[in-house]
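Report on the structure given below.
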Amino acid sequence: MLHSSVSFDLTVTTLFGPLIAGGTVYVSDLEDLDPTLWGAAGRPVPTFLKATPSHVGLLESLPAEVLAHGDLVVGGEQLLGEALDAWRGGHRGATVVNEYGPTEATVGCVVHRLTPEDPVPSGPVLIGGPSWNMRAHVLDALLRPVPVGVPGELYVAGAQLARGYLGRPGLTAERFVADPFGEPGERMYRTGDLVRWTADGGLEYQGRTDDQVKIRAHRIELGEVEAALAAAPGVGQVCVVAAEGPGGLRLVGYAAPRPDGPAPDAAALKEFAARVLPEYMVPSALVVLPELPLTINGRSTARRCPHRRPPPRHRPRRGAHHRHPAAARRSLRRAARPGPRRPGRRLLRPGRRLHPQHPAGRPDPPRRPAAHLEGRLPQQHGAGTGGADRRRAGRGPDGGRGPPGRRRPPGPRRSPRYSTGSSTPTAPRRGTTTCPCCWNSPRTPTTPR
């Protein structure tokens, strides 16, 4: 039975598998499945269905003869035993296959089968082992195999692996890397999923590598928090997100009840989480919804969950320069622009700092002897507005002019590189240098700066 969009890679198994084997495919929504599709026409009863774990709760509303002795393939998300136990109670003869596989590996490459005789485990269900024509590697950041029980990133390789992304060589080189455990020239796909090997040789899904958040110096895996909340009584669906709060990031959990059960209490759910999780992993807020929003492919999404950002406790008054920062920058540039209409303005050279007490565009303070400024301003390049420091370079300790060789050249009180009435740079005076550390001084300065 096909109930998902044909653009979803999960449909490959449901659509092409029965047709290649000579079977019949029923196309219908899970909520509107009509038993007359096979009852009145004498067609066979649906015995194969593939869905996401978020769809398991909807399967309980299907007719009893659907999947009575068939196969239920679950994939796309982490499967929890508590969500499967209720449906398994009414379908004792069905086989459940927990299938894992990205689109780059032709959907299904790692499988785990639960026969009617196998009990349903509590917590996350294993994703099993690789298919007969695939290989699975659990590696660390240096592409080294990790021991049993240690989480690592899953890499898959084999005959089902795609060649890459069409027209995207950069992304292909990033995700399809060389396989150091295969034949020369073979590649493996970097899935970005965290898994770990169990003692019996199975793989347990741990979450995504990009689902790790850091809250108050603690690294938290959102998948671990979701698995703990899903084990609470009466919880059917769970979603945990890291939302922005007044004090930074915080955990917010969303829970939905089972289709045939009452809604769980948010306070009781938080107490349950406090018993099984460390204090820093307990969500600060828990919201109980009638049902979690799903995407068109049947996966739960946190983007559509109602989350209201709390208002800040204190909102300072903001002036015009805060409301319009671009206008403030433009006015600052106009004030520092030289020209005949602004004879008192001075040009800010690139790399020069602004004086802490005299912003750009204002005239320099009155000239004082250099001895008065000792200990007040740092004697380094770019300490002042430019013009005042350069004029003080040729003075003695008593405020008078220095020797004739160190006098300031005649001309307007401006940078020797620019003139007031023209935008064309002028050449510096012969015998002087344009070094910022010794402006308007001989090429071999005698007074250290």
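Every chain in the structure tokens takes a letter, A first, then B, and so on in the order presented; its residues are numbered from 1, and the ligands are numbered from 1 following the presented order.
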Spatial neighbours of Ala141 in chain A, max dist 12 Å, only C-alpha atoms, sep filter under 6 positions, as a ChimeraX atom specification = /A:151-155,190,192,194,209
Residues just named, written with N, CA and C atoms as a CSV table (one decimal), in the first residue's frame:
```
chain,number,residue,atom,x,y,z
A,151,PRO,N,30.2,5.6,20.5
A,151,PRO,CA,29.5,6.2,19.3
A,151,PRO,C,30.5,6.7,18.3
A,152,GLY,N,30.2,6.6,17.1
A,152,GLY,CA,31.0,7.1,16.0
A,152,GLY,C,30.1,7.4,14.8
A,153,GLU,N,30.7,8.0,13.8
A,153,GLU,CA,29.9,8.3,12.6
A,153,GLU,C,29.9,7.1,11.6
A,154,LEU,N,28.7,6.9,11.0
A,154,LEU,CA,28.5,5.8,10.2
A,154,LEU,C,28.9,6.1,8.7
A,155,TYR,N,29.7,5.2,8.2
A,155,TYR,CA,30.1,5.3,6.8
A,155,TYR,C,29.6,4.0,6.1
A,190,ARG,N,29.7,9.3,3.7
A,190,ARG,CA,29.7,9.8,5.0
A,190,ARG,C,28.3,10.2,5.3
A,192,GLY,N,26.8,11.1,8.3
A,192,GLY,CA,26.5,12.2,9.3
A,192,GLY,C,25.6,11.7,10.4
A,194,LEU,N,25.2,9.3,13.9
A,194,LEU,CA,26.0,8.7,15.0
A,194,LEU,C,25.4,7.3,15.4
A,209,THR,N,25.0,13.9,13.8
A,209,THR,CA,26.2,14.6,14.3
A,209,THR,C,25.9,16.1,14.5
```
Separation of CA of Gly128 in chain A from CA of Gly101 in chain A in Å =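 These atoms are spaced 11.3 Å apart.
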ask   = Could you pull out all residues of range 118-287 of chain A with a DSSP call of strand (DSSP E or B) and give them as a VMD selection string?
value = chain A and resid 124 128 to 130 134 to 139 145 152 to 158 176 to 178 187 to 197 203 to 208 212 to 215 218 to 221 235 to 245 248 to 257 285 to 287
May I have the selected residues written with C-alpha atoms, as an mmCIF file, in the first residue's frame?
```cif
data_model
loop_
_atom_site.group_PDB
_atom_site.id
_atom_site.type_symbol
_atom_site.label_atom_id
_atom_site.label_comp_id
_atom_site.auth_asym_id
_atom_site.auth_seq_id
_atom_site.Cartn_x
_atom_site.Cartn_y
_atom_site.Cartn_z
ATOM 1 C CA PRO A 124 15.535 2.488 20.576
ATOM 2 C CA GLY A 128 20.745 -4.027 12.441
ATOM 3 C CA GLY A 129 23.574 -4.775 10.086
ATOM 4 C CA PRO A 130 24.501 -4.027 6.483
ATOM 5 C CA MET A 134 26.942 -3.299 1.482
ATOM 6 C CA ARG A 135 29.524 -2.562 4.171
ATOM 7 C CA ALA A 136 29.160 -0.397 7.276
ATOM 8 C CA HIS A 137 32.017 1.318 9.143
ATOM 9 C CA VAL A 138 31.759 3.192 12.446
ATOM 10 C CA LEU A 139 34.686 5.603 12.508
ATOM 11 C CA PRO A 145 37.280 2.235 13.749
ATOM 12 C CA GLY A 152 30.990 7.106 15.987
ATOM 13 C CA GLU A 153 29.949 8.340 12.580
ATOM 14 C CA LEU A 154 28.499 5.782 10.180
ATOM 15 C CA TYR A 155 30.093 5.308 6.751
ATOM 16 C CA VAL A 156 28.493 2.991 4.186
ATOM 17 C CA ALA A 157 30.090 1.463 1.091
ATOM 18 C CA GLY A 158 29.196 -1.162 -1.448
ATOM 19 C CA PHE A 176 31.930 10.586 -0.881
ATOM 20 C CA VAL A 177 35.415 9.932 0.481
ATOM 21 C CA ALA A 178 38.007 7.272 -0.277
ATOM 22 C CA ARG A 187 34.575 5.167 -2.004
ATOM 23 C CA MET A 188 32.326 5.295 1.030
ATOM 24 C CA TYR A 189 29.560 7.707 1.922
ATOM 25 C CA ARG A 190 29.697 9.845 5.035
ATOM 26 C CA THR A 191 26.152 9.684 6.437
ATOM 27 C CA GLY A 192 26.496 12.173 9.284
ATOM 28 C CA ASP A 193 24.651 9.768 11.645
ATOM 29 C CA LEU A 194 25.958 8.679 15.035
ATOM 30 C CA VAL A 195 25.746 4.941 15.721
ATOM 31 C CA ARG A 196 27.495 2.382 17.890
ATOM 32 C CA TRP A 197 28.140 -1.328 17.650
ATOM 33 C CA LEU A 203 24.073 -1.104 15.034
ATOM 34 C CA GLU A 204 22.195 1.238 17.356
ATOM 35 C CA TYR A 205 21.199 4.656 16.073
ATOM 36 C CA GLN A 206 22.323 7.534 18.332
ATOM 37 C CA GLY A 207 21.226 10.602 16.379
ATOM 38 C CA ARG A 208 22.740 13.107 14.001
ATOM 39 C CA GLN A 212 24.567 18.185 19.331
ATOM 40 C CA VAL A 213 24.033 21.475 21.128
ATOM 41 C CA LYS A 214 26.016 23.199 23.845
ATOM 42 C CA ILE A 215 23.996 24.721 26.687
ATOM 43 C CA HIS A 218 27.298 21.075 28.567
ATOM 44 C CA ARG A 219 27.190 19.172 25.284
ATOM 45 C CA ILE A 220 23.760 17.595 24.817
ATOM 46 C CA GLU A 221 22.499 15.155 22.206
ATOM 47 C CA VAL A 235 3.738 9.398 25.282
ATOM 48 C CA GLY A 236 3.376 8.624 21.586
ATOM 49 C CA GLN A 237 5.531 11.247 19.833
ATOM 50 C CA VAL A 238 8.361 13.401 21.128
ATOM 51 C CA CYS A 239 10.388 16.269 19.719
ATOM 52 C CA VAL A 240 13.082 18.265 21.557
ATOM 53 C CA VAL A 241 14.595 21.494 20.220
ATOM 54 C CA ALA A 242 17.132 24.024 21.459
ATOM 55 C CA ALA A 243 15.267 27.339 21.562
ATOM 56 C CA GLU A 244 16.574 30.821 22.267
ATOM 57 C CA GLY A 245 15.546 32.190 25.656
ATOM 58 C CA GLY A 248 20.593 31.894 26.030
ATOM 59 C CA LEU A 249 19.774 28.478 24.620
ATOM 60 C CA ARG A 250 17.421 26.189 26.498
ATOM 61 C CA LEU A 251 15.770 22.838 25.857
ATOM 62 C CA VAL A 252 12.089 22.776 24.945
ATOM 63 C CA GLY A 253 10.284 19.450 24.616
ATOM 64 C CA TYR A 254 7.060 18.672 22.747
ATOM 65 C CA ALA A 255 5.065 15.527 23.395
ATOM 66 C CA ALA A 256 1.908 14.059 21.896
ATOM 67 C CA PRO A 257 -0.210 11.261 23.374
ATOM 68 C CA ALA A 285 9.783 23.672 29.263
ATOM 69 C CA LEU A 286 7.522 20.816 28.160
ATOM 70 C CA VAL A 287 4.530 21.367 25.895
#
```
query = Using only C-alpha atoms, which of the listed residues (A:Leu142, A:Leu58, A:Pro53, A:Val12) sits closest to Asp32 in chain A?
reply =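 Checking each candidate against Asp32 in chain A, we get A:Leu58 as the closest.
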